[in-house]
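*Asks:* Mind looking over this structure? Questions follow.
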Amino acid sequence: MLKNSIKQMLRTPFRTAAFLVLIGISSLLLTLGCNLFYISARTQEAAKGAFATIGTVRQKPSGAAREKYWNPETGDYEAYSVDQYGAAIPDSALDIEGLPYIHKPKHQPFYAAYTGDYVVRNTHSEVDESWWGIGADCVIAEMEPFEDCMPDHPVKLHFKKSLYGNITDRMLSWIWFWDYENPHPKPLKAGQTYIMALYMDTHLGYSGILDKYEGVSAVWTPWLDVRGSQYKKDGTMLKDEKHKGRFFDQVTEGFYETDEGKRWLNIIEGFTIANYSIPVTPTNATKLLMYFYNGNAGISEGRDITEEEYASGAKVCLVDSKFAANNQLKPGDKLRLPLYYADYSAPACYYYPYWTERTVTEKMITADGQLYDVFEENEYEIAGIYQVTGGMQDLTGYEAPQNGVIIPAASVENSDEDNILNFSPMKPSNTIFQIKNGTIDDFLAIWEEKGIDGLELAFEDNGYSELMHSFENTRKMSVILLGAGAGITLLILVFFCHMFITKQKVRTALERSLGVPKGKCLVSLCGGILLIVLIGVMIGSSMGAAFTKKAVTLSDSRNIYSSAFSANQAAAREIVLPEDFLKEQHMDVVLPCFSGALNLTAALLTAFLMAAGSLKKEPLELLSGTKQER
């Protein structure tokens, strides 16, 4: 009976060919829709672990203040504006119920650790220790005036002894000194020795200010005062008005045994310690460090610190590759970190920059002139070594510090409240948090209702929002294709089953009159149709799979065919699908077979229902129906 069914369909070749072509197109659409839906779901799942949405916090200035300085060139004060802040807003102000945090905002400091046992600089020369920026030689030295003088212009001082810096008594015997920005400098007396903090101000020579002083080509000016640098936890500075602006003292017999003399010696020792300290960055997740988040650094040996280790405060760490190489360290080794000060004003890269050998110039003394004591000392196991690959030439606050060490913030158990060297309100470079992907709008809605006016937030998701939009568009397209394929399939099946089954009443009546059982009549009516559907499904599904691969290849969809990725190659590399993704059985076999099975099932049900309706009628009833139709 199957042969009869096929012969019957071949009697109308154009109708049969049209049926084959149309059923093939519907199968192509169904397969293409299934494949696109699968790709979208698969790549979206891969993207979830590759992206992170972070936010930064900045306390807005409360206004601007006008500061002034003395300009001896004009003989008058000149004003300039600086941002002025109110009381520092604590990071706890962002702990608002309902905000979708993964890691809450933390005004994070960096710590300095010093042991003297590790190599942290390229050289250990005296010149290396004293370099402070380009063209500025800084010294702390003993000086003696050649005569009584008022340093409101260049005066000649005898260079007696260098206590800190790259200038020694073997290099020069005298200098020109000018208390340049002080309208009321203090007089200096001949025969007396003074300890001074000075630097060579090359700007005065380049600008032509010294041209009117015969024989003066370079002068030294005050470098820093001996006021301590110490802050409270709330950001207020401990006052030391006595030493504000005081950059020199008279040296008498036994001076270095006095409190003032010890203060100078502590400043000098503090510089030496700072020059060979290790910058330690505490954090709650590696991805909260922008050089990791932006793809400028990555683990080169060992492993990253785990979420559990961050949460529990495990004594594990990550170390910079150059620091590890200089000290022959490897994963599993121990690193001793005595922490002696905390800096809440800026990330470590400002003071331990990756691209220079600049000396730290912050005074490492408390308000009472003492060196900072170690507030916590632990031994950390090196979990991994990270390598910095980019961003080293910038100075935005997001760079990796030289010789950097990363530790879990919770591993520091003691308070640093008596060891805060510097402080500033929250800023994007030191206050970063993480929220759930795709929740920026929800976050802002809650923030606008309950947030703090004095804080400014910014978010970065490395293109996640655009990518999700791309996924949504792809999913909508796949649903449209599936719907179109299913709708077209049903219309085609109803139309052609009507043509090949319902309208074949004479044929059905003759076969029944000749005693052909209903089962064989069913095969005769449906067999050819199902065979055509099978052929069309095989061709259409195969073409759908091939079209999917072609479309994906042309649009570079293995990077999720989204323009969002071109803006972040680091993220794209993390979520690129496997090399053999387009050859998976899901793409080649499973999904085409699934869509084909849907078509075959629909064809079988449609043909069966229509054939069963015809077979319910007696032959004479069928024949009479044909006469009425005529």
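Each chain in the structure tokens gets a letter, A, B, ..., in the order shown, and its residues are numbered from 1; ligands are numbered from 1 in order too.
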Output as CSV one row per residue of stretch 319-384 of chain A within 6 Å of stretch 409-433 of chain A: the closest atom pair and its distance in Å to one decimal place, counting only C-alpha atoms, sorted by chain and residue number ascending.
*Replies:*
```
residue,atom,partner,partner_atom,distance
A:Tyr341,CA,A:Asn419,CA,4.8
A:Ala342,CA,A:Ile420,CA,4.8
A:Asp343,CA,A:Asn422,CA,4.9
A:Tyr344,CA,A:Phe423,CA,4.5
A:Ser345,CA,A:Phe423,CA,4.2
```
*Asks:* Those residues with N, CA, C and O atoms, as a tab-separated table (two decimals), in the first residue's frame please?
*Replies:*
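Once everything was written out, this is out-v3.tsv:
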```tsv
chain	number	residue	atom	x	y	z
A	341	TYR	N	52.23	50.51	59.26
A	341	TYR	CA	51.34	51.66	59.10
A	341	TYR	C	50.26	51.34	58.07
A	341	TYR	O	50.39	50.43	57.25
A	342	ALA	N	49.18	52.12	58.15
A	342	ALA	CA	48.06	52.01	57.21
A	342	ALA	C	47.85	53.36	56.55
A	342	ALA	O	47.93	54.40	57.21
A	343	ASP	N	47.57	53.33	55.25
A	343	ASP	CA	47.33	54.56	54.50
A	343	ASP	C	45.96	54.47	53.84
A	343	ASP	O	45.73	53.64	52.96
A	344	TYR	N	45.04	55.32	54.29
A	344	TYR	CA	43.67	55.33	53.77
A	344	TYR	C	43.47	56.43	52.72
A	344	TYR	O	42.34	56.72	52.35
A	345	SER	N	44.54	57.02	52.24
A	345	SER	CA	44.39	58.14	51.31
A	345	SER	C	44.45	57.72	49.86
A	345	SER	O	43.86	58.39	49.00
```
*Asks:* Within 9 Å of A:Lys104, counting only C-alpha atoms, which residues show up once you throw out same-chain ones fewer than 2 positions away? Write them as an MDAnalysis selection string, please.
*Replies:* chainID A and resid 91:92 94:95 101:102 106 432:435
*Asks:* Go ahead and save the picked residues with N, CA, C and O atoms, as a compact mmCIF listing (two decimals), in the first residue's frame.
*Replies:*
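Final output, part14.txt:
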```txt
# COMPACT_ATOMS: atom_id res chain seq x y z
N ASP A 91 32.19 54.07 55.33
CA ASP A 91 31.66 53.14 54.33
C ASP A 91 30.41 52.42 54.82
O ASP A 91 29.63 51.89 54.03
N SER A 92 30.18 52.42 56.13
CA SER A 92 28.98 51.80 56.67
C SER A 92 27.71 52.50 56.21
O SER A 92 26.62 51.94 56.27
N LEU A 94 26.84 52.98 53.31
CA LEU A 94 26.35 52.28 52.12
C LEU A 94 25.75 50.92 52.45
O LEU A 94 25.30 50.21 51.54
N ASP A 95 25.74 50.57 53.71
CA ASP A 95 25.18 49.27 54.11
C ASP A 95 23.67 49.40 54.27
O ASP A 95 23.13 49.46 55.36
N TYR A 101 24.40 43.38 47.18
CA TYR A 101 25.86 43.26 47.30
C TYR A 101 26.32 41.81 47.23
O TYR A 101 25.67 40.89 47.73
N ILE A 102 27.48 41.63 46.60
CA ILE A 102 28.26 40.40 46.77
C ILE A 102 29.40 40.70 47.75
O ILE A 102 29.65 39.94 48.68
N LYS A 106 34.07 48.90 51.06
CA LYS A 106 35.03 48.97 52.15
C LYS A 106 36.07 50.02 51.81
O LYS A 106 36.73 49.94 50.77
N ILE A 432 35.82 50.18 46.63
CA ILE A 432 35.23 49.41 45.53
C ILE A 432 34.36 48.31 46.12
O ILE A 432 34.69 47.73 47.15
N PHE A 433 33.24 48.03 45.46
CA PHE A 433 32.37 46.95 45.92
C PHE A 433 31.87 46.17 44.71
O PHE A 433 32.05 46.59 43.55
N GLN A 434 31.26 45.03 44.98
CA GLN A 434 30.74 44.17 43.90
C GLN A 434 29.27 43.88 44.16
O GLN A 434 28.86 43.63 45.29
N ILE A 435 28.48 43.94 43.08
CA ILE A 435 27.06 43.59 43.17
C ILE A 435 26.76 42.47 42.18
O ILE A 435 27.61 42.12 41.34
```
*Asks:* May I have the residues within 8 Å of stretch 274-287 of chain A as a ChimeraX atom specification, using only C-alpha atoms and disregarding those fewer than 3 positions away in the same chain?
*Replies:* /A:52,103,108-116,119-121,129,270-271,290,292-293,304-305,307,310-311,348,352,359-360,364,401-410
*Asks:* Store the residues picked out above, limited to N, CA, C and O atoms, as a short mmCIF file (atom, residue, chain, number, x, y, z; two decimals), in the first residue's frame.
*Replies:*
```cif
data_model
loop_
_atom_site.label_atom_id
_atom_site.label_comp_id
_atom_site.auth_asym_id
_atom_site.auth_seq_id
_atom_site.Cartn_x
_atom_site.Cartn_y
_atom_site.Cartn_z
N ALA A 52 31.99 40.35 36.20
CA ALA A 52 31.71 40.85 37.55
C ALA A 52 31.30 42.30 37.42
O ALA A 52 31.86 43.06 36.63
N HIS A 103 30.07 41.82 47.53
CA HIS A 103 31.07 42.33 48.48
C HIS A 103 30.71 43.78 48.78
O HIS A 103 30.66 44.62 47.87
N GLN A 108 39.21 50.88 51.82
CA GLN A 108 40.33 49.98 52.05
C GLN A 108 41.66 50.72 52.05
O GLN A 108 41.94 51.52 51.16
N PRO A 109 42.49 50.49 53.06
CA PRO A 109 43.83 51.10 53.06
C PRO A 109 44.81 50.18 52.35
O PRO A 109 44.46 49.11 51.86
N PHE A 110 46.03 50.63 52.27
CA PHE A 110 47.12 49.67 52.02
C PHE A 110 48.04 49.73 53.22
O PHE A 110 48.11 50.75 53.92
N TYR A 111 48.71 48.65 53.48
CA TYR A 111 49.64 48.56 54.61
C TYR A 111 51.07 48.52 54.09
O TYR A 111 51.32 48.14 52.95
N ALA A 112 51.98 48.90 54.97
CA ALA A 112 53.40 48.76 54.66
C ALA A 112 54.00 47.76 55.64
O ALA A 112 53.73 47.82 56.85
N ALA A 113 54.76 46.82 55.10
CA ALA A 113 55.44 45.81 55.91
C ALA A 113 56.94 45.96 55.72
O ALA A 113 57.41 46.18 54.59
N TYR A 114 57.68 45.83 56.81
CA TYR A 114 59.14 45.98 56.71
C TYR A 114 59.83 44.93 57.57
O TYR A 114 59.50 44.79 58.76
N THR A 115 60.76 44.23 56.95
CA THR A 115 61.60 43.29 57.69
C THR A 115 63.08 43.54 57.44
O THR A 115 63.91 43.22 58.29
N GLY A 116 63.40 44.09 56.27
CA GLY A 116 64.81 44.25 55.90
C GLY A 116 65.40 42.99 55.32
O GLY A 116 66.58 42.97 54.94
N VAL A 119 64.52 41.71 49.08
CA VAL A 119 64.98 42.64 48.05
C VAL A 119 63.75 43.30 47.45
O VAL A 119 62.89 42.63 46.89
N VAL A 120 63.69 44.63 47.56
CA VAL A 120 62.51 45.34 47.04
C VAL A 120 62.88 46.47 46.08
O VAL A 120 62.00 47.09 45.51
N ARG A 121 64.18 46.72 45.91
CA ARG A 121 64.59 47.78 44.99
C ARG A 121 65.66 47.24 44.06
O ARG A 121 66.35 46.27 44.38
N GLU A 129 68.24 55.78 46.97
CA GLU A 129 67.42 56.09 48.14
C GLU A 129 66.89 57.51 48.10
O GLU A 129 65.83 57.80 48.64
N GLY A 270 62.74 56.65 59.22
CA GLY A 270 61.46 56.31 58.58
C GLY A 270 61.57 56.29 57.07
O GLY A 270 60.98 55.43 56.41
N PHE A 271 62.33 57.23 56.49
CA PHE A 271 62.53 57.21 55.04
C PHE A 271 63.24 55.94 54.60
O PHE A 271 62.88 55.31 53.60
N MET A 290 41.59 46.70 40.61
CA MET A 290 41.30 47.08 39.24
C MET A 290 42.30 46.52 38.25
O MET A 290 41.95 46.26 37.10
N PHE A 292 43.52 43.61 38.26
CA PHE A 292 43.01 42.28 37.92
C PHE A 292 41.70 42.39 37.16
O PHE A 292 41.50 41.69 36.16
N TYR A 293 40.83 43.25 37.61
CA TYR A 293 39.51 43.38 36.97
C TYR A 293 39.64 43.80 35.51
O TYR A 293 38.92 43.32 34.65
N ASP A 304 44.86 31.37 42.68
CA ASP A 304 44.28 32.55 43.31
C ASP A 304 43.84 32.22 44.73
O ASP A 304 43.70 31.04 45.10
N ILE A 305 43.63 33.23 45.53
CA ILE A 305 43.05 33.04 46.87
C ILE A 305 41.58 32.71 46.69
O ILE A 305 40.87 33.36 45.92
N GLU A 307 37.46 32.05 47.63
CA GLU A 307 36.43 32.81 48.35
C GLU A 307 36.40 32.43 49.82
O GLU A 307 36.22 33.29 50.69
N TYR A 310 39.30 34.08 51.60
CA TYR A 310 39.03 35.50 51.82
C TYR A 310 38.06 35.68 52.99
O TYR A 310 38.25 36.54 53.85
N ALA A 311 37.01 34.87 53.01
CA ALA A 311 35.98 35.02 54.04
C ALA A 311 36.51 34.67 55.42
O ALA A 311 36.16 35.32 56.41
N ALA A 348 48.35 51.68 46.92
CA ALA A 348 49.79 51.56 47.10
C ALA A 348 50.58 52.07 45.91
O ALA A 348 51.73 52.49 46.06
N TYR A 352 54.30 53.29 45.88
CA TYR A 352 55.22 52.26 45.42
C TYR A 352 54.92 52.01 43.94
O TYR A 352 54.47 50.94 43.56
N THR A 359 61.18 57.53 45.61
CA THR A 359 61.21 57.31 47.04
C THR A 359 59.93 57.79 47.70
O THR A 359 59.38 58.82 47.32
N VAL A 360 59.47 57.10 48.69
CA VAL A 360 58.35 57.57 49.49
C VAL A 360 58.81 58.79 50.28
O VAL A 360 59.85 58.78 50.93
N MET A 364 57.32 59.13 58.26
CA MET A 364 56.85 57.93 58.94
C MET A 364 56.89 58.10 60.46
O MET A 364 57.36 57.22 61.18
N PRO A 401 51.09 47.98 42.38
CA PRO A 401 52.31 48.53 42.97
C PRO A 401 53.50 47.61 42.75
O PRO A 401 53.35 46.41 42.57
N GLN A 402 54.65 48.19 42.74
CA GLN A 402 55.87 47.39 42.66
C GLN A 402 56.03 46.58 43.94
O GLN A 402 55.75 47.07 45.04
N ASN A 403 56.45 45.33 43.80
CA ASN A 403 56.68 44.42 44.94
C ASN A 403 55.40 44.17 45.74
O ASN A 403 55.45 43.89 46.94
N GLY A 404 54.25 44.26 45.08
CA GLY A 404 52.99 44.16 45.78
C GLY A 404 52.69 42.79 46.35
O GLY A 404 53.03 41.76 45.77
N VAL A 405 52.02 42.80 47.50
CA VAL A 405 51.52 41.57 48.13
C VAL A 405 50.03 41.77 48.41
O VAL A 405 49.64 42.84 48.91
N ILE A 406 49.23 40.78 48.10
CA ILE A 406 47.78 40.83 48.29
C ILE A 406 47.40 39.83 49.37
O ILE A 406 47.81 38.66 49.31
N ILE A 407 46.62 40.27 50.34
CA ILE A 407 46.21 39.39 51.44
C ILE A 407 44.70 39.53 51.66
O ILE A 407 44.11 40.55 51.30
N PRO A 408 44.05 38.53 52.26
CA PRO A 408 42.65 38.69 52.66
C PRO A 408 42.53 39.78 53.73
O PRO A 408 43.30 39.79 54.71
N ALA A 409 41.59 40.69 53.56
CA ALA A 409 41.42 41.77 54.54
C ALA A 409 41.12 41.21 55.93
O ALA A 409 41.58 41.76 56.94
N ALA A 410 40.38 40.10 55.98
CA ALA A 410 40.00 39.52 57.27
C ALA A 410 41.18 38.87 57.99
O ALA A 410 41.06 38.52 59.16
#
```
*Asks:* Please give the complete set of residues from stretch 303-484 of chain A that DSSP, run on the backbone, assigns to strand (DSSP E or B), formatted as a ChimeraX atom specification.
*Replies:* /A:316-320,334-344,365,371,376-388,405-408,420-423,431-435,455-460
*Asks:* Which residues, written as a PDB file with N, CA and C atoms, in the first residue's frame, have at least one atom at most 7 Å from A:Gln370, with only C-alpha atoms counted and residues fewer than 3 positions away on the same chain left out?
*Replies:*
```
ATOM      1  N   ARG A 263      63.381  63.343  66.930  1.00  0.00           N
ATOM      2  CA  ARG A 263      62.347  63.469  65.889  1.00  0.00           C
ATOM      3  C   ARG A 263      62.994  63.484  64.501  1.00  0.00           C
ATOM      4  N   ASN A 266      64.271  60.057  63.685  1.00  0.00           N
ATOM      5  CA  ASN A 266      63.161  59.156  63.362  1.00  0.00           C
ATOM      6  C   ASN A 266      62.641  59.388  61.943  1.00  0.00           C
ATOM      7  N   ILE A 365      56.425  59.242  60.944  1.00  0.00           N
ATOM      8  CA  ILE A 365      56.425  59.465  62.382  1.00  0.00           C
ATOM      9  C   ILE A 365      55.029  59.858  62.840  1.00  0.00           C
ATOM     10  N   THR A 366      54.744  59.579  64.093  1.00  0.00           N
ATOM     11  CA  THR A 366      53.452  59.911  64.694  1.00  0.00           C
ATOM     12  C   THR A 366      53.429  61.383  65.083  1.00  0.00           C
TER      13      THR A 366
END
```
*Asks:* Of the residues A:Leu265, A:Ala64, A:Cys593, A:Ala602, which is the one nearest to A:Thr489, using only C-alpha atoms?
*Replies:*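 Selected residue with least distance to A:Thr489: A:Ala602.
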*Asks:* Report as an MDAnalysis selection string all protein, DNA and RNA residues lying within 8 Å of stretch 446-463 of chain A, evaluated on only C-alpha atoms, omitting residues in the same chain fewer than 2 positions from it.
*Replies:* chainID A and resid 51:62 93:94 96 98:99 437 440 442:444 465:467 564:565 567:568 571
*Asks:* Within 12 Å of A:Gln192, counting only C-alpha atoms, which residues show up once you throw out same-chain ones fewer than 5 positions away? Write them as number ranges by chain, please.
*Replies:* A: 142-149, 157-158, 160, 187, 249-253
*Asks:* Take the residues just selected and output them with N, CA and C atoms as a short mmCIF file (atom, residue, chain, number, x, y, z; two decimals), in the first residue's frame.
*Replies:*
```cif
data_model
loop_
_atom_site.label_atom_id
_atom_site.label_comp_id
_atom_site.auth_asym_id
_atom_site.auth_seq_id
_atom_site.Cartn_x
_atom_site.Cartn_y
_atom_site.Cartn_z
N GLU A 142 73.32 68.86 57.66
CA GLU A 142 73.73 69.93 58.57
C GLU A 142 74.38 71.04 57.76
N MET A 143 73.93 72.27 58.00
CA MET A 143 74.40 73.45 57.25
C MET A 143 74.88 74.53 58.23
N GLU A 144 75.77 75.39 57.71
CA GLU A 144 76.26 76.52 58.52
C GLU A 144 76.37 77.75 57.62
N PRO A 145 75.70 78.85 57.98
CA PRO A 145 75.81 80.07 57.16
C PRO A 145 77.23 80.64 57.18
N PHE A 146 77.65 81.20 56.06
CA PHE A 146 78.95 81.86 56.01
C PHE A 146 78.91 83.19 56.76
N GLU A 147 77.70 83.76 56.85
CA GLU A 147 77.53 85.02 57.55
C GLU A 147 76.09 85.14 58.03
N ASP A 148 75.84 86.04 58.95
CA ASP A 148 74.46 86.26 59.37
C ASP A 148 73.63 86.65 58.14
N CYS A 149 72.45 86.07 58.02
CA CYS A 149 71.68 86.33 56.79
C CYS A 149 70.19 86.15 57.03
N LEU A 157 75.37 78.83 52.13
CA LEU A 157 75.50 77.99 53.32
C LEU A 157 76.62 76.98 53.11
N HIS A 158 77.35 76.74 54.18
CA HIS A 158 78.39 75.71 54.16
C HIS A 158 77.74 74.34 54.37
N LYS A 160 77.94 70.92 55.62
CA LYS A 160 78.85 70.26 56.56
C LYS A 160 78.71 68.73 56.57
N PRO A 187 65.86 84.36 60.50
CA PRO A 187 67.28 84.63 60.20
C PRO A 187 68.17 83.46 60.61
N ASP A 249 66.29 73.08 62.45
CA ASP A 249 66.55 73.27 63.88
C ASP A 249 68.02 73.54 64.06
N GLN A 250 68.33 74.28 65.13
CA GLN A 250 69.73 74.51 65.44
C GLN A 250 70.31 73.29 66.14
N VAL A 251 71.49 72.89 65.68
CA VAL A 251 72.16 71.71 66.25
C VAL A 251 73.19 72.18 67.28
N THR A 252 72.96 71.80 68.50
CA THR A 252 73.91 72.11 69.58
C THR A 252 74.44 70.80 70.14
N GLU A 253 75.34 70.90 71.07
CA GLU A 253 75.90 69.68 71.66
C GLU A 253 74.79 68.89 72.38
#
```
*Asks:* Would you mind telling me which residue in A:Gly165, A:Gly544, A:Gly215, A:Pro151 lies nearest to A:Lys186 when using only C-alpha atoms?
*Replies:*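 Closest to A:Lys186 of all the choices is A:Pro151.
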*Asks:* Rank nothing, just name the residue among A:Asp333, A:Tyr231, A:Val155, A:Leu198 nearest to A:Tyr213, using only C-alpha atoms.
*Replies:*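 Going through A:Asp333, A:Tyr231, A:Val155, A:Leu198 one by one, the smallest distance to A:Tyr213 is for A:Val155.
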*Asks:* For a test of reading the model, state the distance in Å between atom CA of A:His243 and atom CA of A:Glu260, rounded to one decimal.
*Replies:*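 Interatomic distance here is 9.7 Å.
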*Asks:* Hey, can you check how far atom CA of A:Lys242 sits from atom CA of A:Leu371?
*Replies:*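 Separation of atom CA of A:Lys242 and atom CA of A:Leu371: 18.0 Å.
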*Asks:* List the spatial neighbours of A:Ala484 as a list in words - criterion: any atom at most 9 Å away, only C-alpha atoms, same-chain residues fewer than 6 positions off excluded.
*Replies:*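 Returned residues: Ser26, Leu29 and Leu30 of chain A.
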*Asks:* Kindly export the residues of the current selection with N, CA, C and O atoms, as a compact mmCIF listing (two decimals), in the first residue's frame.
*Replies:*
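Below you can see out-v5.txt, which holds the result:
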```
# COMPACT_ATOMS: atom_id res chain seq x y z
N SER A 26 10.40 24.74 6.59
CA SER A 26 9.92 24.79 7.97
C SER A 26 10.86 24.05 8.91
O SER A 26 11.11 24.49 10.03
N LEU A 29 13.86 26.30 9.56
CA LEU A 29 13.57 27.35 10.54
C LEU A 29 13.53 26.79 11.96
O LEU A 29 14.05 27.41 12.90
N LEU A 30 12.93 25.63 12.12
CA LEU A 30 12.87 25.02 13.46
C LEU A 30 14.26 24.67 13.97
O LEU A 30 14.58 24.91 15.13
```
*Asks:* Please compute the atom CA of A:Phe159-atom CA of A:Ser217 distance, one decimal, in Å.
*Replies:*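 Going from atom CA of A:Phe159 over to atom CA of A:Ser217, I get 17.1 Å.
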